[in-house]
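File shown: entry-v7.txt. Contents: compact mmCIF, C-alpha atoms.
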# COMPACT_ATOMS: atom_id res chain seq x y z
CA MET Q 1 0.00 0.00 0.00
CA LYS Q 2 1.49 3.30 -1.00
CA LYS Q 3 2.28 5.84 1.70
CA LEU Q 4 0.09 8.85 1.82
CA SER Q 5 1.81 11.76 0.12
CA ALA Q 6 2.86 14.65 2.34
CA ARG Q 7 0.34 17.37 2.84
CA ARG Q 8 0.88 20.21 0.39
CA ARG Q 9 2.05 23.56 1.79
CA HIS Q 10 -0.05 26.62 1.15
CA PRO Q 11 1.45 28.73 -1.68
CA LEU Q 12 1.71 31.80 0.61
CA ALA Q 13 3.47 29.97 3.46
CA ALA Q 14 6.95 30.86 2.23
CA LEU Q 15 5.97 34.52 1.90
CA VAL Q 16 4.62 34.59 5.47
CA VAL Q 17 7.84 33.06 6.83
CA LEU Q 18 9.90 35.64 4.92
CA LEU Q 19 7.83 38.54 6.29
CA LEU Q 20 8.14 37.22 9.85
CA ALA Q 21 11.91 36.96 9.43
CA LEU Q 22 12.15 40.53 8.14
CA ALA Q 23 9.99 41.78 11.01
CA CYS Q 24 12.20 40.08 13.59
CA THR Q 25 15.33 41.44 11.94
CA GLY Q 26 13.91 44.96 11.89
CA GLY Q 27 12.97 44.74 15.56
CA LEU Q 28 16.44 43.58 16.52
CA TYR Q 29 18.03 46.39 14.47
CA ALA Q 30 15.79 48.97 16.10
CA ALA Q 31 16.75 47.63 19.53
CA PHE Q 32 20.49 47.46 18.99
CA ALA Q 33 21.21 50.00 16.23
CA PRO Q 34 23.09 53.18 17.23
CA ALA Q 35 20.96 56.22 18.06
CA SER Q 36 20.09 58.56 15.24
CA LYS Q 37 21.76 61.96 14.90
CA ALA Q 38 18.64 63.70 16.19
CA GLN Q 39 18.59 61.50 19.29
CA ALA Q 40 22.31 62.07 19.84
CA ASP Q 41 21.86 65.85 19.55
CA GLU Q 42 18.96 65.76 21.99
CA THR Q 43 21.00 63.75 24.48
CA ALA Q 44 23.96 66.12 24.16
CA GLN Q 45 21.66 69.11 24.68
CA SER Q 46 20.17 67.52 27.80
CA LEU Q 47 23.64 66.90 29.19
CA ALA Q 48 24.64 70.50 28.43
CA ILE Q 49 21.55 71.78 30.27
CA ASP Q 50 22.30 69.59 33.28
CA GLU Q 51 25.92 70.78 33.45
CA GLY Q 52 24.82 74.37 32.90
CA LYS Q 53 22.36 74.10 35.77
CA LYS Q 54 25.20 73.07 38.10
CA LEU Q 55 27.35 76.00 36.99
CA TYR Q 56 24.38 78.35 37.34
CA ALA Q 57 23.67 77.20 40.89
CA VAL Q 58 27.23 78.07 41.93
CA GLY Q 59 27.85 81.30 40.04
CA CYS Q 60 24.48 82.90 39.20
CA ALA Q 61 21.63 81.71 41.44
CA SER Q 62 22.50 84.01 44.36
CA CYS Q 63 21.54 87.06 42.28
CA HIS Q 64 19.17 85.72 39.61
CA GLY Q 65 17.31 83.12 41.71
CA THR Q 66 17.50 79.36 41.64
CA GLY Q 67 15.04 79.17 38.75
CA GLY Q 68 16.22 82.29 36.95
CA GLN Q 69 13.17 84.19 38.15
CA GLY Q 70 15.26 87.13 39.35
CA THR Q 71 15.73 88.76 42.76
CA THR Q 72 16.29 92.23 44.14
CA ASP Q 73 19.97 91.80 43.21
CA GLY Q 74 19.52 90.62 39.63
CA PRO Q 75 16.90 90.60 36.85
CA SER Q 76 14.94 87.59 35.62
CA LEU Q 77 16.69 85.44 33.02
CA VAL Q 78 13.54 83.80 31.71
CA GLY Q 79 13.37 84.50 27.98
CA VAL Q 80 16.71 86.33 27.63
CA GLY Q 81 18.04 83.51 25.45
CA ALA Q 82 21.41 81.90 24.91
CA ALA Q 83 22.79 84.95 23.06
CA SER Q 84 22.46 87.13 26.15
CA VAL Q 85 24.39 84.63 28.27
CA ASP Q 86 27.08 84.22 25.64
CA PHE Q 87 27.54 88.01 25.51
CA GLN Q 88 27.42 88.77 29.23
CA VAL Q 89 29.57 85.86 30.38
CA GLY Q 90 31.77 85.79 27.26
CA THR Q 91 32.81 89.42 27.82
CA GLY Q 92 33.41 88.95 31.55
CA ARG Q 93 30.57 91.25 32.58
CA MET Q 94 28.95 88.35 34.38
CA PRO Q 95 29.29 87.24 37.09
CA ALA Q 96 29.35 90.85 38.32
CA GLN Q 97 31.86 91.80 41.00
CA GLN Q 98 29.54 94.34 42.60
CA PRO Q 99 26.36 96.27 41.78
CA GLY Q 100 26.71 99.65 40.13
CA ALA Q 101 25.43 101.98 37.48
CA GLN Q 102 26.95 99.72 34.83
CA VAL Q 103 28.78 96.41 34.87
CA PRO Q 104 32.16 96.80 33.10
CA ARG Q 105 33.88 94.40 30.76
CA LYS Q 106 36.54 92.34 32.54
CA LYS Q 107 38.51 89.09 32.36
CA VAL Q 108 36.44 86.04 31.41
CA ILE Q 109 36.45 83.37 34.13
CA TYR Q 110 34.56 80.61 32.30
CA SER Q 111 35.74 78.51 29.38
CA GLN Q 112 33.74 78.64 26.15
CA ALA Q 113 32.45 75.11 26.83
CA GLU Q 114 31.14 76.23 30.23
CA ILE Q 115 29.60 79.36 28.70
CA ASP Q 116 27.81 77.14 26.17
CA GLN Q 117 26.45 74.99 29.01
CA LEU Q 118 25.25 78.03 30.96
CA ALA Q 119 23.62 79.37 27.79
CA ALA Q 120 21.88 76.03 27.19
CA PHE Q 121 20.42 76.05 30.71
CA VAL Q 122 19.20 79.65 30.55
CA ALA Q 123 17.74 79.04 27.07
CA SER Q 124 15.75 76.14 28.54
CA LEU Q 125 13.99 78.57 30.92
CA GLY Q 126 12.24 80.37 28.06
CA ALA Q 127 12.55 81.13 24.36
CA GLY Q 128 14.96 83.94 23.45
CA PRO Q 129 17.63 84.95 20.91
CA ALA Q 130 20.02 82.12 20.02
CA VAL Q 131 23.78 82.42 19.66
CA PRO Q 132 24.39 83.52 16.05
CA SER Q 133 26.28 81.36 13.59
CA ALA Q 134 29.56 82.62 12.11
CA GLU Q 135 27.87 83.29 8.77
CA LYS Q 136 25.71 85.98 10.34
CA TYR Q 137 28.57 88.19 11.53
CA GLY Q 138 31.33 87.19 9.11
CA PRO Q 139 32.72 89.60 6.49
CA GLU Q 140 31.42 87.67 3.48
CA GLY Q 141 28.84 89.71 1.60
CA ALA Q 142 29.01 92.68 4.00
CA ASP Q 143 28.80 96.31 2.85
CA SER Q 144 30.89 98.48 5.19
CA ALA Q 145 29.70 101.73 3.55
CA LYS Q 146 26.07 100.81 4.20
CA GLY Q 147 27.10 99.71 7.69
CA GLY Q 148 28.62 103.14 8.34
CA GLU Q 149 25.36 104.81 7.39
CA LEU Q 150 23.36 102.48 9.65
CA PHE Q 151 25.81 102.94 12.52
CA ARG Q 152 25.68 106.74 12.33
CA ASN Q 153 21.89 106.67 12.29
CA ASN Q 154 21.38 104.15 15.10
CA CYS Q 155 24.51 103.88 17.26
CA ALA Q 156 26.73 106.97 16.97
CA GLN Q 157 24.62 109.00 19.41
CA CYS Q 158 26.08 106.88 22.23
CA HIS Q 159 29.17 105.14 20.85
CA ASN Q 160 30.25 108.12 18.65
CA PHE Q 161 30.72 107.73 14.94
CA THR Q 162 33.78 105.44 15.06
CA GLY Q 163 32.70 103.35 18.05
CA LYS Q 164 35.15 104.86 20.55
CA GLY Q 165 32.47 105.01 23.24
CA GLY Q 166 31.02 107.89 25.19
CA ALA Q 167 29.55 109.07 28.49
CA LEU Q 168 25.86 108.77 29.38
CA THR Q 169 23.88 110.02 32.36
CA HIS Q 170 24.02 108.90 36.02
CA GLY Q 171 27.42 107.21 35.79
CA LYS Q 172 26.52 105.08 32.77
CA TYR Q 173 28.48 104.97 29.54
CA ALA Q 174 28.55 103.48 26.07
CA PRO Q 175 31.66 101.24 25.95
CA THR Q 176 34.25 101.35 23.23
CA LEU Q 177 33.74 98.87 20.40
CA GLU Q 178 37.44 98.47 19.66
CA ASP Q 179 38.75 94.89 19.92
CA VAL Q 180 35.27 93.48 20.53
CA ASP Q 181 34.55 90.06 19.03
CA PRO Q 182 32.15 90.40 16.04
CA LYS Q 183 29.94 87.71 17.58
CA HIS Q 184 29.54 89.77 20.74
CA ILE Q 185 28.70 92.90 18.74
CA TYR Q 186 25.98 90.94 16.93
CA GLU Q 187 24.66 89.56 20.24
CA ALA Q 188 24.60 93.04 21.78
CA MET Q 189 22.43 94.26 18.91
CA GLN Q 190 20.18 91.23 19.38
CA THR Q 191 19.74 91.45 23.13
CA GLY Q 192 20.29 95.11 24.13
CA PRO Q 193 22.52 94.65 27.19
CA GLN Q 194 22.32 97.11 30.10
CA ASN Q 195 21.62 100.63 28.74
CA MET Q 196 21.60 99.65 25.08
CA PRO Q 197 18.29 99.18 23.21
CA SER Q 198 17.79 95.91 21.37
CA PHE Q 199 17.69 95.79 17.58
CA PRO Q 200 15.73 92.68 16.56
CA ASP Q 201 15.60 91.57 12.94
CA SER Q 202 12.43 93.60 12.48
CA THR Q 203 14.48 96.76 13.21
CA LEU Q 204 17.91 95.83 11.87
CA THR Q 205 17.99 92.78 9.60
CA GLU Q 206 20.72 90.15 9.74
CA GLN Q 207 22.36 91.82 6.73
CA ASN Q 208 22.17 95.22 8.46
CA LYS Q 209 23.95 93.83 11.51
CA LYS Q 210 26.60 92.23 9.32
CA ASP Q 211 27.16 95.56 7.52
CA ILE Q 212 27.57 97.43 10.82
CA ILE Q 213 30.12 94.90 12.06
CA ALA Q 214 32.04 95.28 8.79
CA TYR Q 215 32.07 99.07 9.23
CA LEU Q 216 33.42 98.83 12.78
CA HIS Q 217 36.14 96.50 11.56
CA ALA Q 218 37.02 98.95 8.80
CA VAL Q 219 37.42 101.93 11.16
CA ASN Q 220 38.93 100.18 14.20
CA SER Q 221 41.02 97.27 12.95
CA ASP Q 222 44.79 97.08 12.55
CA ASP Q 223 44.26 97.38 8.79
CA THR Q 224 42.62 100.80 9.13
CA VAL Q 225 44.49 103.55 7.28
CA ASP Q 226 45.15 106.53 9.56
CA PRO Q 227 45.87 109.76 7.66
CA GLY Q 228 47.70 111.14 10.71
CA GLY Q 229 47.01 113.81 13.27
CA LEU Q 230 45.27 113.58 16.62
CA SER Q 231 42.07 111.54 16.60
CA LEU Q 232 40.77 113.39 19.69
CA GLY Q 233 38.94 110.27 20.76
CA GLY Q 234 37.07 110.05 17.47
CA LEU Q 235 34.43 112.42 18.81
CA GLY Q 236 33.91 114.19 15.50
CA PRO Q 237 33.67 117.81 14.32
CA VAL Q 238 32.43 119.26 17.62
CA SER Q 239 35.53 118.28 19.56
CA GLU Q 240 37.78 119.14 16.62
CA GLY Q 241 36.17 122.58 16.33
CA LEU Q 242 36.47 123.14 20.07
CA PHE Q 243 40.13 122.13 19.95
CA GLY Q 244 40.74 124.55 17.07
CA TRP Q 245 38.82 127.34 18.81
CA ILE Q 246 40.63 127.05 22.14
CA PHE Q 247 44.17 126.37 20.97
CA GLY Q 248 44.06 128.05 17.55
CA LEU Q 249 42.36 131.25 18.67
CA GLY Q 250 44.23 131.16 21.95
CA GLY Q 251 47.51 130.96 20.07
CA CYS Q 252 46.51 133.92 17.89
CA ILE Q 253 45.66 135.99 20.96
CA ALA Q 254 48.97 135.10 22.61
CA VAL Q 255 50.90 136.15 19.48
CA ALA Q 256 48.93 139.41 19.26
CA VAL Q 257 49.68 140.23 22.91
CA TRP Q 258 53.35 139.44 22.41
CA VAL Q 259 53.55 141.66 19.31
CA ALA Q 260 51.75 144.51 21.07
CA ALA Q 261 54.08 144.27 24.05
CA ARG Q 262 57.16 144.32 21.83
CA THR Q 263 55.81 147.30 19.88
CA ALA Q 264 55.07 149.30 23.05
CA LYS Q 265 58.54 148.52 24.40
CA ALA Q 266 60.16 149.62 21.15
CA LYS Q 267 58.29 152.97 21.19
CA LYS Q 268 59.39 153.70 24.76
CA SER Q 269 63.00 153.14 23.93
Go through the file and emit its structure as structure tokens.
Amino acid sequence: MKKLSARRRHPLAALVVLLLALACTGGLYAAFAPASKAQADETAQSLAIDEGKKLYAVGCASCHGTGGQGTTDGPSLVGVGAASVDFQVGTGRMPAQQPGAQVPRKKVIYSQAEIDQLAAFVASLGAGPAVPSAEKYGPEGADSAKGGELFRNNCAQCHNFTGKGGALTHGKYAPTLEDVDPKHIYEAMQTGPQNMPSFPDSTLTEQNKKDIIAYLHAVNSDDTVDPGGLSLGGLGPVSEGLFGWIFGLGGCIAVAVWVAARTAKAKKS
């Protein structure tokens, strides 16, 4: 008696087995595959915020509050953004040594990595201006002539027309812009530190800011051509006219007195 032939397999059985194998393989890959770039960036950002929070607790919380809400000794940091932290800490203005009419620029005590961590923590407290990329303040595509026009219209009233700085009221002052990092100049326009008004993109566009930075480099850099003579602090025609009036006219009067005295003496003799 012949053996019964083996039961036939369903035509789709092989396809089902293949799909199950692919599903298992995909699950294993998802479980063991390295994290995506987005996940890695998110993890790095979380670590930066955690480290920044530790630095903040030691160096900033006593004045600005443990949650950045501000105290009687320091303003709120909620919503100031990473750019404000990068400017204030990156120029040494913060942490402040003591309260006063204006916090001066001084030696930076944090490394750039620590400043980035502090900025990440403060940025997590509320949305605000981000640290600009190098393309935004670099010289490529900048128009220094246009920047000079914008600077004279918006900035020269305080910083004078070449950025040498100037006095304000009640012990405040507009600092000199010589030897200031272009990134910090851009951030100052973004955030409006201390007595300075802010210039968001709706007031001065990214290109406008780039042009102004190019102008300041043109008038204050080592490559600037100086025609000679006394700059008189770069204060412009008022100080130059006053200098000419006092010393020029004063010199003329002194010569006239000397000539008159010599003439009177000659007549007597």
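Comparing Q:His184, Q:Val219, Q:Gly241, Q:Asn154 by their smallest distance to Q:Thr203, the closest is Q:Asn154 (using all atoms listed in the file).
Rounded to one decimal, atom CA of Q:Ile49 and atom CA of Q:Ala120 lie 5.3 Å from each other.
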From the set Q:Pro95, Q:Gly126, Q:Gly100, Q:Pro132, which residue has the shortest atom-to-atom contact distance to Q:Gly68, counting all atoms listed in the file?
Q:Gly126
I'd like to know which of Q:Gly52, Q:Pro200, Q:Gly70, Q:Gly141 is closest to Q:Glu187, using only C-alpha atoms.
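Of Q:Gly52, Q:Pro200, Q:Gly70, Q:Gly141, the one nearest Q:Glu187, counting only C-alpha atoms, is Q:Pro200.
Considering the residues Q:Thr205, Q:Thr72, Q:Ser46, Q:Asn195 and counting only C-alpha atoms, Q:His159 has its shortest atom-to-atom contact with Q:Asn195.
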From the options Q:Lys265, Q:Lys172, Q:Lys183, Q:Lys210, which residue's atoms come nearest to Q:Ser84, counting only C-alpha atoms?
Q:Lys183
